[in-house]
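Colleague: This one is run-v8.txt, compact mmCIF, C-alpha atoms (C1' of nucleotides).
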```txt
# COMPACT_ATOMS: atom_id res chain seq x y z
CA MET A 1 81.92 79.78 -58.24
CA ASN A 2 78.92 81.80 -59.38
CA ASP A 3 76.51 81.41 -62.25
CA SER A 4 76.92 84.71 -64.07
CA PRO A 5 75.39 85.14 -67.51
CA ARG A 6 78.86 85.15 -68.99
CA ARG A 7 79.49 81.78 -67.45
CA LYS A 8 76.23 80.47 -68.87
CA GLU A 9 77.27 81.50 -72.33
CA LEU A 10 80.71 79.94 -71.94
CA THR A 11 79.07 76.75 -70.78
CA ARG A 12 76.90 76.66 -73.87
CA LEU A 13 79.91 77.05 -76.13
CA ALA A 14 81.81 74.41 -74.23
CA ALA A 15 78.95 71.95 -74.65
CA GLN A 16 79.04 72.49 -78.37
CA LEU A 17 82.77 71.86 -78.57
CA PHE A 18 82.55 68.81 -76.34
CA VAL A 19 80.01 67.33 -78.72
CA GLN A 20 82.05 68.14 -81.80
CA GLU A 21 85.40 66.92 -80.53
CA GLY A 22 84.78 64.96 -77.38
CA PHE A 23 85.86 66.12 -73.95
CA ASP A 24 89.41 64.79 -74.02
CA ARG A 25 90.20 66.15 -77.45
CA THR A 26 88.83 69.56 -76.62
CA THR A 27 91.79 71.56 -75.34
CA VAL A 28 91.55 74.56 -73.09
CA ARG A 29 93.03 76.55 -75.93
CA MET A 30 90.20 75.54 -78.23
CA LEU A 31 87.66 76.42 -75.59
CA ALA A 32 89.27 79.80 -75.00
CA GLN A 33 89.44 80.63 -78.69
CA GLU A 34 85.79 79.74 -79.19
CA MET A 35 84.99 82.05 -76.30
CA GLY A 36 87.15 84.85 -77.67
CA ILE A 37 89.60 84.91 -74.77
CA LYS A 38 93.04 83.49 -74.06
CA SER A 39 93.49 80.10 -72.50
CA GLY A 40 94.72 81.49 -69.22
CA SER A 41 91.64 83.63 -68.75
CA LEU A 42 89.49 80.56 -68.84
CA PHE A 43 90.60 79.62 -65.36
CA HIS A 44 89.10 82.77 -64.00
CA HIS A 45 85.65 81.38 -64.78
CA PHE A 46 86.22 77.73 -64.04
CA ARG A 47 88.43 76.02 -61.49
CA ASP A 48 89.65 73.49 -64.03
CA LYS A 49 88.61 71.73 -67.19
CA GLN A 50 86.70 69.08 -65.28
CA GLU A 51 84.46 71.70 -63.76
CA ILE A 52 83.35 72.86 -67.18
CA LEU A 53 82.22 69.35 -67.96
CA ALA A 54 80.35 69.07 -64.69
CA VAL A 55 78.60 72.39 -65.24
CA VAL A 56 77.55 71.46 -68.76
CA ILE A 57 76.02 68.21 -67.59
CA GLU A 58 74.44 69.69 -64.50
CA GLU A 59 72.67 72.38 -66.43
CA GLY A 60 71.28 69.92 -68.95
CA THR A 61 70.03 67.59 -66.25
CA GLN A 62 68.46 70.33 -64.16
CA ASN A 63 66.67 71.54 -67.23
CA ALA A 64 65.35 68.11 -68.07
CA LEU A 65 64.16 67.56 -64.53
CA ALA A 66 62.33 70.89 -64.41
CA LEU A 67 60.64 70.30 -67.74
CA ALA A 68 59.57 66.80 -66.84
CA ARG A 69 58.01 67.94 -63.57
CA GLN A 70 56.22 70.75 -65.30
CA ALA A 71 54.88 68.40 -67.96
CA LEU A 72 53.52 66.01 -65.35
CA GLU A 73 51.86 68.80 -63.39
CA ARG A 74 50.06 70.04 -66.44
CA SER A 75 49.11 66.61 -67.68
CA ASP A 76 45.78 64.87 -67.46
CA PRO A 77 46.10 62.45 -64.52
CA GLU A 78 45.27 59.40 -66.66
CA PRO A 79 48.22 56.96 -66.84
CA LEU A 80 48.31 57.03 -70.63
CA ALA A 81 48.30 60.81 -70.74
CA ARG A 82 51.11 60.98 -68.21
CA LEU A 83 53.15 58.51 -70.20
CA HIS A 84 52.72 60.60 -73.30
CA ALA A 85 53.54 63.79 -71.44
CA LEU A 86 56.75 62.46 -69.95
CA ALA A 87 57.95 60.93 -73.19
CA ARG A 88 57.31 64.18 -75.01
CA ALA A 89 59.08 66.24 -72.39
CA HIS A 90 62.04 63.89 -72.49
CA LEU A 91 62.47 64.09 -76.24
CA GLU A 92 61.92 67.80 -76.30
CA THR A 93 64.77 68.57 -73.88
CA LEU A 94 66.90 65.87 -75.40
CA LEU A 95 66.64 67.29 -78.87
CA THR A 96 66.52 71.01 -78.22
CA ASP A 97 69.08 71.10 -75.43
CA ARG A 98 70.89 68.48 -77.39
CA ASN A 99 74.52 69.38 -76.82
CA ALA A 100 74.35 69.19 -73.07
CA HIS A 101 72.60 65.84 -73.18
CA VAL A 102 74.94 64.31 -75.70
CA VAL A 103 77.79 65.32 -73.43
CA ALA A 104 75.98 63.81 -70.46
CA LEU A 105 75.49 60.55 -72.33
CA TYR A 106 78.94 60.24 -73.82
CA GLU A 107 81.29 61.89 -71.36
CA TRP A 108 79.74 60.85 -68.06
CA ARG A 109 82.71 58.66 -67.26
CA ARG A 110 85.14 61.58 -67.52
CA LEU A 111 83.58 63.25 -64.51
CA ASP A 112 85.61 63.12 -61.33
CA VAL A 113 84.20 61.22 -58.40
CA GLU A 114 82.60 64.12 -56.51
CA ALA A 115 80.85 65.56 -59.54
CA ARG A 116 79.68 62.14 -60.61
CA GLU A 117 78.13 61.46 -57.23
CA HIS A 118 76.34 64.78 -57.15
CA LEU A 119 74.98 64.35 -60.66
CA THR A 120 73.97 60.78 -60.02
CA HIS A 121 71.50 62.04 -57.45
CA LEU A 122 70.02 64.42 -59.95
CA ARG A 123 69.67 61.70 -62.53
CA ASP A 124 68.12 59.36 -59.99
CA ALA A 125 65.49 61.98 -59.21
CA TYR A 126 64.71 62.19 -62.89
CA GLU A 127 64.43 58.45 -63.30
CA GLN A 128 62.16 58.29 -60.29
CA LEU A 129 59.61 60.26 -62.28
CA TRP A 130 59.75 57.62 -64.96
CA ASN A 131 59.42 54.81 -62.47
CA GLU A 132 56.20 56.24 -61.09
CA VAL A 133 54.64 56.88 -64.46
CA ILE A 134 55.53 53.45 -65.75
CA ASP A 135 54.30 51.79 -62.59
CA ASP A 136 50.91 53.35 -63.11
CA ALA A 137 50.89 52.36 -66.76
CA ILE A 138 51.60 48.74 -65.90
CA THR A 139 48.98 48.69 -63.17
CA ALA A 140 46.44 50.10 -65.60
CA GLY A 141 47.26 47.29 -68.01
CA LEU A 142 48.61 49.64 -70.65
CA VAL A 143 52.08 48.15 -70.72
CA LYS A 144 53.36 44.62 -70.21
CA GLY A 145 56.48 43.84 -68.19
CA GLU A 146 58.43 44.62 -65.04
CA ARG A 147 58.71 48.21 -64.01
CA ALA A 148 62.48 48.27 -63.68
CA LEU A 149 63.04 46.71 -67.06
CA VAL A 150 60.41 48.68 -68.90
CA ALA A 151 61.82 51.93 -67.57
CA ARG A 152 65.30 51.04 -68.73
CA PHE A 153 64.15 49.89 -72.13
CA VAL A 154 62.11 53.03 -72.66
CA LEU A 155 64.87 55.37 -71.56
CA GLY A 156 67.29 53.49 -73.78
CA ALA A 157 65.04 53.84 -76.78
CA LEU A 158 64.53 57.54 -76.12
CA ASN A 159 68.14 58.41 -75.40
CA TRP A 160 69.29 56.53 -78.46
CA THR A 161 67.45 59.09 -80.61
CA VAL A 162 70.31 61.56 -80.25
CA ARG A 163 72.27 59.22 -82.51
CA TRP A 164 69.93 59.29 -85.47
CA TYR A 165 67.38 62.06 -85.10
CA ASP A 166 67.59 64.73 -87.76
CA PRO A 167 66.19 68.02 -86.49
CA ASP A 168 65.76 69.20 -90.08
CA GLY A 169 63.73 66.13 -90.92
CA ALA A 170 59.98 66.21 -91.19
CA ARG A 171 59.30 64.54 -87.89
CA GLN A 172 58.72 66.45 -84.68
CA PRO A 173 59.93 65.26 -81.28
CA GLU A 174 56.33 64.90 -80.11
CA GLN A 175 55.56 62.52 -82.93
CA LEU A 176 58.52 60.37 -81.98
CA ALA A 177 57.33 60.24 -78.41
CA ASP A 178 53.85 59.24 -79.52
CA GLU A 179 55.23 56.55 -81.78
CA LEU A 180 57.18 55.05 -78.92
CA VAL A 181 54.17 55.04 -76.66
CA THR A 182 52.16 53.41 -79.42
CA MET A 183 54.78 50.71 -79.76
CA ILE A 184 54.80 49.69 -76.12
CA THR A 185 51.13 50.08 -75.19
CA GLN A 186 48.61 47.31 -75.59
CA ARG A 187 45.52 47.71 -77.75
CA SER A 188 42.57 48.45 -75.51
CA MET B 189 98.85 43.58 -91.08
CA ASN B 190 97.96 40.05 -90.17
CA ASP B 191 95.62 38.58 -87.63
CA SER B 192 97.97 36.42 -85.58
CA PRO B 193 96.76 34.96 -82.29
CA ARG B 194 99.09 37.34 -80.49
CA ARG B 195 97.36 40.25 -82.15
CA LYS B 196 93.98 38.89 -81.16
CA GLU B 197 95.05 38.78 -77.54
CA LEU B 198 96.48 42.28 -77.67
CA THR B 199 93.24 43.48 -79.19
CA ARG B 200 91.29 41.97 -76.34
CA LEU B 201 93.46 43.72 -73.78
CA ALA B 202 93.18 46.99 -75.64
CA ALA B 203 89.39 46.74 -75.65
CA GLN B 204 89.40 46.31 -71.91
CA LEU B 205 91.59 49.35 -71.38
CA PHE B 206 89.56 51.44 -73.79
CA VAL B 207 86.47 50.67 -71.77
CA GLN B 208 88.14 51.42 -68.45
CA GLU B 209 89.82 54.66 -69.44
CA GLY B 210 88.36 55.74 -72.73
CA PHE B 211 90.31 55.76 -75.97
CA ASP B 212 91.90 59.18 -75.62
CA ARG B 213 93.02 58.64 -72.06
CA THR B 214 94.51 55.28 -72.83
CA THR B 215 98.14 55.93 -73.71
CA VAL B 216 100.30 53.66 -75.80
CA ARG B 217 102.44 53.20 -72.69
CA MET B 218 99.45 51.91 -70.76
CA LEU B 219 98.55 49.57 -73.57
CA ALA B 220 102.11 48.29 -73.79
CA GLN B 221 102.37 47.71 -70.07
CA GLU B 222 99.12 45.79 -69.99
CA MET B 223 100.50 43.67 -72.81
CA GLY B 224 103.81 43.10 -71.06
CA ILE B 225 105.94 44.86 -73.64
CA LYS B 226 107.47 48.31 -74.07
CA SER B 227 105.61 51.08 -75.81
CA GLY B 228 107.87 51.04 -78.85
CA SER B 229 107.23 47.36 -79.49
CA LEU B 230 103.54 48.04 -79.81
CA PHE B 231 104.05 49.57 -83.22
CA HIS B 232 105.35 46.32 -84.54
CA HIS B 233 101.82 44.91 -84.19
CA PHE B 234 99.76 47.96 -85.10
CA ARG B 235 100.45 50.78 -87.52
CA ASP B 236 99.27 53.37 -85.03
CA LYS B 237 96.95 53.84 -82.09
CA GLN B 238 93.96 54.48 -84.31
CA GLU B 239 94.35 51.08 -85.91
CA ILE B 240 93.98 49.38 -82.57
CA LEU B 241 90.65 51.08 -82.10
CA ALA B 242 89.50 50.09 -85.55
CA VAL B 243 90.50 46.46 -85.00
CA VAL B 244 88.71 46.30 -81.66
CA ILE B 245 85.49 47.59 -83.16
CA GLU B 246 85.74 45.54 -86.31
CA GLU B 247 86.15 42.32 -84.43
CA GLY B 248 83.17 43.01 -82.20
CA THR B 249 80.96 43.91 -85.11
CA GLN B 250 81.98 40.92 -87.22
CA ASN B 251 81.23 38.71 -84.29
CA ALA B 252 77.80 40.19 -83.76
CA LEU B 253 76.96 39.89 -87.43
CA ALA B 254 78.00 36.24 -87.57
CA LEU B 255 76.05 35.37 -84.47
CA ALA B 256 72.94 37.14 -85.64
CA ARG B 257 72.98 35.37 -88.99
CA GLN B 258 73.51 32.05 -87.31
CA ALA B 259 70.62 32.69 -84.93
CA LEU B 260 68.27 33.53 -87.79
CA GLU B 261 69.26 30.46 -89.77
CA ARG B 262 68.53 28.19 -86.85
CA SER B 263 65.34 29.92 -85.89
CA ASP B 264 61.80 28.83 -86.54
CA PRO B 265 60.63 30.88 -89.54
CA GLU B 266 57.70 32.40 -87.66
CA PRO B 267 58.06 36.20 -87.27
CA LEU B 268 57.77 36.06 -83.50
CA ALA B 269 60.40 33.36 -83.20
CA ARG B 270 62.76 35.30 -85.43
CA LEU B 271 62.26 38.41 -83.35
CA HIS B 272 63.09 36.50 -80.22
CA ALA B 273 66.10 34.88 -81.84
CA LEU B 274 67.58 38.14 -83.06
CA ALA B 275 67.01 39.93 -79.77
CA ARG B 276 68.65 37.11 -77.87
CA ALA B 277 71.60 36.99 -80.22
CA HIS B 278 72.03 40.73 -79.92
CA LEU B 279 72.08 40.74 -76.15
CA GLU B 280 74.30 37.71 -75.97
CA THR B 281 77.08 39.26 -78.04
CA LEU B 282 76.55 42.63 -76.44
CA LEU B 283 76.97 41.29 -72.95
CA THR B 284 79.57 38.57 -73.42
CA ASP B 285 81.75 40.42 -75.93
CA ARG B 286 80.97 43.49 -73.93
CA ASN B 287 84.22 45.41 -74.08
CA ALA B 288 84.37 45.54 -77.83
CA HIS B 289 80.79 46.71 -78.08
CA VAL B 290 81.11 49.36 -75.42
CA VAL B 291 84.08 50.71 -77.33
CA ALA B 292 82.08 50.62 -80.55
CA LEU B 293 79.24 52.53 -78.93
CA TYR B 294 81.31 55.14 -77.11
CA GLU B 295 84.39 55.67 -79.21
CA TRP B 296 82.96 55.44 -82.70
CA ARG B 297 83.62 59.11 -83.31
CA ARG B 298 87.34 58.70 -82.65
CA LEU B 299 87.73 56.51 -85.71
CA ASP B 300 89.44 58.13 -88.67
CA VAL B 301 87.44 58.61 -91.82
CA GLU B 302 88.51 55.48 -93.70
CA ALA B 303 87.93 53.14 -90.81
CA ARG B 304 84.60 54.72 -90.04
CA GLU B 305 83.39 54.24 -93.57
CA HIS B 306 84.42 50.62 -93.66
CA LEU B 307 82.80 49.87 -90.33
CA THR B 308 79.65 51.75 -91.25
CA HIS B 309 79.04 49.22 -93.99
CA LEU B 310 79.39 46.39 -91.53
CA ARG B 311 76.98 48.01 -89.14
CA ASP B 312 74.51 48.68 -91.91
CA ALA B 313 74.56 45.03 -92.85
CA TYR B 314 73.76 44.18 -89.27
CA GLU B 315 70.91 46.65 -89.05
CA GLN B 316 69.51 45.29 -92.28
CA LEU B 317 68.87 42.01 -90.48
CA TRP B 318 66.84 43.88 -87.92
CA ASN B 319 64.90 45.76 -90.56
CA GLU B 320 63.77 42.54 -92.20
CA VAL B 321 62.77 40.86 -88.97
CA ILE B 322 60.86 43.88 -87.76
CA ASP B 323 59.17 44.32 -91.09
CA ASP B 324 57.81 40.80 -90.85
CA ALA B 325 56.72 41.34 -87.26
CA ILE B 326 54.78 44.45 -88.21
CA THR B 327 53.17 42.76 -91.21
CA ALA B 328 52.13 39.87 -88.98
CA GLY B 329 50.46 42.33 -86.63
CA LEU B 330 52.79 41.50 -83.76
CA VAL B 331 54.18 44.99 -83.41
CA LYS B 332 52.64 48.41 -83.94
CA GLY B 333 54.48 51.25 -85.64
CA GLU B 334 56.74 52.20 -88.55
CA ARG B 335 59.57 49.89 -89.39
CA ALA B 336 62.29 52.52 -89.32
CA LEU B 337 61.24 53.88 -85.95
CA VAL B 338 60.60 50.54 -84.32
CA ALA B 339 64.02 49.29 -85.37
CA ARG B 340 65.72 52.32 -83.88
CA PHE B 341 63.74 52.18 -80.67
CA VAL B 342 64.46 48.49 -80.22
CA LEU B 343 68.16 48.82 -80.92
CA GLY B 344 68.31 51.74 -78.55
CA ALA B 345 66.65 49.80 -75.79
CA LEU B 346 68.96 46.83 -76.33
CA ASN B 347 72.19 48.79 -76.63
CA TRP B 348 71.35 50.79 -73.54
CA THR B 349 71.63 47.61 -71.50
CA VAL B 350 75.41 47.89 -71.45
CA ARG B 351 74.91 50.82 -69.10
CA TRP B 352 73.01 49.00 -66.42
CA TYR B 353 73.20 45.27 -66.92
CA ASP B 354 74.94 43.41 -64.15
CA PRO B 355 76.41 40.12 -65.39
CA ASP B 356 76.55 38.86 -61.81
CA GLY B 357 72.87 39.54 -61.33
CA ALA B 358 70.27 36.84 -61.45
CA ARG B 359 68.96 37.71 -64.89
CA GLN B 360 70.22 36.08 -68.03
CA PRO B 361 70.60 37.92 -71.33
CA GLU B 362 67.93 35.69 -72.89
CA GLN B 363 65.43 36.74 -70.28
CA LEU B 364 66.10 40.37 -71.01
CA ALA B 365 65.54 39.78 -74.70
CA ASP B 366 62.28 38.00 -73.99
CA GLU B 367 61.11 40.79 -71.71
CA LEU B 368 61.74 43.33 -74.42
CA VAL B 369 59.84 41.32 -76.99
CA THR B 370 57.00 40.95 -74.52
CA MET B 371 56.89 44.68 -74.03
CA ILE B 372 56.59 45.58 -77.69
CA THR B 373 54.40 42.75 -78.98
CA GLN B 374 50.62 42.90 -78.96
CA ARG B 375 48.56 40.35 -77.10
CA SER B 376 47.20 37.85 -79.59
C1' DA C 377 86.63 110.79 -59.18
C1' DT C 378 87.63 106.67 -56.64
C1' DC C 379 88.51 102.08 -55.99
C1' DA C 380 87.58 97.27 -55.46
C1' DA C 381 86.11 93.47 -58.01
C1' DA C 382 85.88 91.12 -62.22
C1' DA C 383 87.89 89.95 -66.48
C1' DC C 384 91.60 89.42 -69.12
C1' DC C 385 96.51 88.72 -71.05
C1' DA C 386 101.49 87.24 -72.05
C1' DA C 387 104.59 83.90 -71.00
C1' DG C 388 105.85 79.68 -69.78
C1' DC C 389 106.51 75.33 -66.80
C1' DA C 390 106.42 70.45 -65.97
C1' DA C 391 104.54 66.50 -67.54
C1' DG C 392 102.97 63.59 -70.82
C1' DC C 393 101.85 62.45 -75.57
C1' DG C 394 102.29 59.42 -80.09
C1' DC C 395 105.63 57.75 -82.58
C1' DT C 396 110.48 56.78 -84.74
C1' DA C 397 115.22 55.15 -85.25
C1' DG C 398 118.36 51.95 -84.57
C1' DT C 399 119.77 47.61 -82.40
C1' DG C 400 119.65 42.88 -80.32
C1' DT C 401 118.24 38.18 -80.42
C1' DA C 402 115.94 33.92 -80.80
C1' DA C 403 113.38 31.05 -83.96
C1' DC C 404 112.48 29.51 -88.54
C1' DT C 405 113.86 28.53 -93.66
C1' DG C 406 116.47 27.41 -97.60
C1' DC D 407 125.06 26.95 -92.18
C1' DA D 408 123.78 31.64 -93.99
C1' DG D 409 119.81 34.47 -94.49
C1' DT D 410 115.41 36.01 -93.19
C1' DT D 411 111.74 37.06 -90.27
C1' DA D 412 109.30 38.14 -85.95
C1' DC D 413 109.43 40.40 -81.91
C1' DA D 414 111.25 43.08 -78.47
C1' DC D 415 114.33 46.69 -76.54
C1' DT D 416 116.51 51.51 -75.48
C1' DA D 417 116.49 56.16 -76.12
C1' DG D 418 114.50 60.12 -77.19
C1' DC D 419 112.45 63.77 -80.56
C1' DG D 420 109.12 67.16 -81.30
C1' DC D 421 105.03 68.64 -79.82
C1' DT D 422 100.83 69.43 -76.93
C1' DT D 423 98.65 69.27 -72.72
C1' DG D 424 96.32 71.48 -68.41
C1' DC D 425 97.32 74.84 -65.58
C1' DT D 426 100.01 78.77 -62.99
C1' DT D 427 101.96 83.15 -62.32
C1' DG D 428 102.17 87.95 -62.04
C1' DG D 429 100.56 91.77 -63.86
C1' DT D 430 97.18 94.89 -66.64
C1' DT D 431 92.69 96.60 -68.23
C1' DT D 432 87.60 97.08 -67.87
C1' DT D 433 83.53 97.64 -65.33
C1' DG D 434 80.30 99.53 -62.21
C1' DA D 435 78.78 101.08 -57.80
C1' DT D 436 79.52 104.94 -54.75
```
I need this file expressed as structure tokens, please.

Modeller:
Amino acid sequence: MNDSPRRKELTRLAAQLFVQEGFDRTTVRMLAQEMGIKSGSLFHHFRDKQEILAVVIEEGTQNALALARQALERSDPEPLARLHALARAHLETLLTDRNAHVVALYEWRRLDVEAREHLTHLRDAYEQLWNEVIDDAITAGLVKGERALVARFVLGALNWTVRWYDPDGARQPEQLADELVTMITQRS
Amino acid sequence: MNDSPRRKELTRLAAQLFVQEGFDRTTVRMLAQEMGIKSGSLFHHFRDKQEILAVVIEEGTQNALALARQALERSDPEPLARLHALARAHLETLLTDRNAHVVALYEWRRLDVEAREHLTHLRDAYEQLWNEVIDDAITAGLVKGERALVARFVLGALNWTVRWYDPDGARQPEQLADELVTMITQRS
DNA sequence: ATCAAAACCAAGCAAGCGCTAGTGTAACTG
DNA sequence: CAGTTACACTAGCGCTTGCTTGGTTTTGAT
């Protein structure tokens, strides 16, 4: 189908409900009510319930990928600066576009096979950015460890923030990113 | 209810199904079939479906807590040794008792209020162990950062392993734990 | 003013859901 | 041996689910 503005808005609402209730417990009737239409009308915008999930996750991932690339382009080419930039970009999308990413993290397994394959490619592209940046950081002696493991540990630490981060708290996403980089980099 | 050996076995099977299908998509009929009984008989062992989830998570958490305490008791009292010991214990339970922990991580929100409160206390007790160990590591100058943030980053990195770790791969859980500790500790 | 496309609605189907009621039976317990 | 308990069964109730159908209204370009 298309990507009309109406559909964008519906997707945003769906993401919110999926976070609140979980994908399986969110009924098409709940979705429709939140959108101010009847449950039957929902299938004019989306082929089926699964597609809504796929669209929510796709949009979040595309967004993250775009922001990460932008951040790297604008960054100082020094390995440490790039590491900071990518970590900040990651946390910023994660915590502002939070709903979509929580859904991506928690409901990934509910995607059907085709959607999962498509989105896996997107996610791989995103992780490739991390691999490069971390490779450089290790080569420069900033970080100790194997690339593959470091990347996974770092992404784990960052993604885990959606579980405890309080947006109303005093701390900004950037500060979190800097703290993480501090933790894993060696004193020069 | 009790904690008969039969119930233990049923719990183990339930955990496996919950991981495969997710809690909501796992029907009582599926559970019963996997257990070799009819769906009605299931409610002789568990009050309702929710209770099965609670029991699965409780058992996993109790196990992790016991193992962590044991590991700390046996460990050399040096901060670095304790950090290693706790990380190893964490990954060992996480990856051997994997099903229960995946359920705990993914289906926590499906718990009803009472169960969630009870299990939150258990989890807090577990995290308290981490807080102490990390506090000592920071004081000893092994790790840079704030205690609260370091603990959350480390737990995130460790828990994330359930998403990518391949038990048939060459790497042992202990090695992973050591790699993580290497990454976050400062060269002496 | 016209008319196609887009958006919506009322009604409901077929399937599946968690759970209950009532019964049978074999194994323990006094 | 009578009584109790543990465990399983059959049958199905009441309800919700995702989705379809067939038709109506709204919108916007010409």

Colleague: Counting all atoms listed in the file, what is within 12 Å of C:DA382, bar same-chain residues fewer than 6 positions away, as number ranges by chain?

Modeller: A: 2, 4, 6, 41, 44-45; D: 431-434

Colleague: Could you tell me which residues of chain D sit within 8 Å of chain B when counting all atoms listed in the file, and give me the result as a PyMOL selection string?

Modeller: chain D and resi 413-415

Colleague: Those same residues - C-alpha atoms (C1' of nucleotides) - I'd like them written as a PDB file, in the coordinates of the input.

Modeller:
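Everything below was put into out_31.pdb:
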```pdb
ATOM      1  C1'  DC D 413     109.430  40.400 -81.910  1.00  0.00           C
ATOM      2  C1'  DA D 414     111.250  43.080 -78.470  1.00  0.00           C
ATOM      3  C1'  DC D 415     114.330  46.690 -76.540  1.00  0.00           C
TER       4       DC D 415
END
```

Colleague: List the neighbours of B:Leu241 out to 8 Å using only C-alpha atoms (C1' of nucleotides); skip same-chain residues closer than 2 positions along the sequence, and give me the result as an NGL selection string.

Modeller: :B and (203 or 211 or 237-239 or 243-245 or 299)

Colleague: Those same residues - C-alpha atoms - I'd like them written as a PDB file, keeping the file's coordinate frame.

Modeller:
```
ATOM      1  CA  ALA B 203      89.390  46.740 -75.650  1.00  0.00           C
ATOM      2  CA  PHE B 211      90.310  55.760 -75.970  1.00  0.00           C
ATOM      3  CA  LYS B 237      96.950  53.840 -82.090  1.00  0.00           C
ATOM      4  CA  GLN B 238      93.960  54.480 -84.310  1.00  0.00           C
ATOM      5  CA  GLU B 239      94.350  51.080 -85.910  1.00  0.00           C
ATOM      6  CA  VAL B 243      90.500  46.460 -85.000  1.00  0.00           C
ATOM      7  CA  VAL B 244      88.710  46.300 -81.660  1.00  0.00           C
ATOM      8  CA  ILE B 245      85.490  47.590 -83.160  1.00  0.00           C
ATOM      9  CA  LEU B 299      87.730  56.510 -85.710  1.00  0.00           C
TER      10      LEU B 299
END
```

Colleague: For chain A, which residue out of B:Arg257, B:Arg262, B:Arg351, B:Arg217 is the nearest one, using all atoms listed in the file?

Modeller: B:Arg351

Colleague: Write out as a list in words which residues come within 9 Å of A:Leu83 when counting all atoms listed in the file, dropping same-chain ones fewer than 2 positions away.

Modeller: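 After dropping sequence-adjacent residues, the list is Leu72, Glu78, Pro79, Leu80, Ala81, Ala85, Leu86, Ala87, Arg88, Trp130, Val133, Ile134, Ala137 and Val181 of chain A.
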
Colleague: Which residue, B:Val207, B:Leu219, B:Ala277, B:Ala303, has the smallest gap to chain A when you use only C-alpha atoms?

Modeller: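 Under the stated criterion, the closest residue is B:Val207.
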
Colleague: Starting from chain B, keep only residues with some atom at most 7 Å from an atom of chain A, counting all atoms listed in the file, and report them as a list of chain:residue names.

Modeller: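 Those within range of chain A come out as B:Asp212, B:Tyr294, B:Val331, B:Lys332, B:Gly333, B:Phe341, B:Val342, B:Gly344, B:Ala345, B:Trp348, B:Glu367, B:Thr370, B:Met371, B:Ile372, B:Gln374.
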
Colleague: What does the structure give for the distance between atom CA of A:Gly169 and atom CA of A:Thr96, in Å to one decimal?

Modeller: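 So the answer is 13.9 Å.
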
Colleague: From the set B:Asp356, B:Glu302, B:Phe231, B:Pro361, which residue has the shortest atom-to-atom contact distance to C:DT396, counting only C-alpha atoms (C1' of nucleotides)?

Modeller: B:Phe231

Colleague: Between atom CA of B:Leu205 and atom CA of B:Gln221, measure the distance and give it in Å to one decimal.

Modeller: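 About the pair atom CA of B:Leu205 and atom CA of B:Gln221: they are 11.0 Å apart.
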
Colleague: Please build the interface table for chain C against chain A with a cut-off of 12 Å, listing for each qualifying residue the nearest atom pair and the distance in Å to one decimal; count all atoms listed in the file, order rows by chain and increasing number, and write it as CSV.

Modeller:
```
residue,atom,partner,partner_atom,distance
C:DA382,C1',A:His44,CA,9.1
C:DA383,C1',A:Ser41,CA,7.7
C:DC384,C1',A:Ser41,CA,5.8
C:DC385,C1',A:Lys38,CA,7.0
C:DA386,C1',A:Gly40,CA,9.3
C:DA387,C1',A:Gly40,CA,10.3
C:DG388,C1',A:Gly40,CA,11.3
```

Colleague: One decimal, Å: what's the distance from atom CA of A:Leu95 over to atom CA of A:Gln70, could you say?

Modeller: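 Atom CA of A:Gln70 lies 17.5 Å from atom CA of A:Leu95.
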
Colleague: Can you pull out the residues contacting C:DG392? Cut-off 10 Å, using only C-alpha atoms (C1' of nucleotides), and skip same-chain residues under 6 positions away; I want them as number ranges by chain.

Modeller: B: 215; D: 422-423

Colleague: With distances taken over all atoms listed in the file, which of B:Leu201, B:Leu307, B:Ala358, B:Val350 is nearest to B:His289?

Modeller: B:Val350

Colleague: Would you fill the gaps in stretch 110-117 of chain A so it has N, CA and C atoms, then print it as a short mmCIF file (atom, residue, chain, number, x, y, z; two decimals), in the frame of the given file?

Modeller:
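Below is the file that was written, rebuild-v2.cif:
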```
data_model
loop_
_atom_site.label_atom_id
_atom_site.label_comp_id
_atom_site.auth_asym_id
_atom_site.auth_seq_id
_atom_site.Cartn_x
_atom_site.Cartn_y
_atom_site.Cartn_z
N ARG A 110 83.99 60.67 -67.72
CA ARG A 110 85.14 61.58 -67.52
C ARG A 110 84.95 62.50 -66.33
N LEU A 111 83.79 62.45 -65.71
CA LEU A 111 83.58 63.25 -64.51
C LEU A 111 84.42 62.72 -63.36
N ASP A 112 84.91 63.62 -62.51
CA ASP A 112 85.61 63.12 -61.33
C ASP A 112 84.58 62.63 -60.31
N VAL A 113 85.08 61.98 -59.29
CA VAL A 113 84.20 61.22 -58.40
C VAL A 113 83.14 62.10 -57.74
N GLU A 114 83.55 63.26 -57.23
CA GLU A 114 82.60 64.12 -56.51
C GLU A 114 81.47 64.57 -57.44
N ALA A 115 81.86 65.07 -58.60
CA ALA A 115 80.85 65.56 -59.54
C ALA A 115 79.92 64.43 -59.95
N ARG A 116 80.49 63.26 -60.17
CA ARG A 116 79.68 62.14 -60.61
C ARG A 116 78.64 61.79 -59.55
N GLU A 117 79.06 61.81 -58.31
CA GLU A 117 78.13 61.46 -57.23
C GLU A 117 76.98 62.47 -57.15
#
```
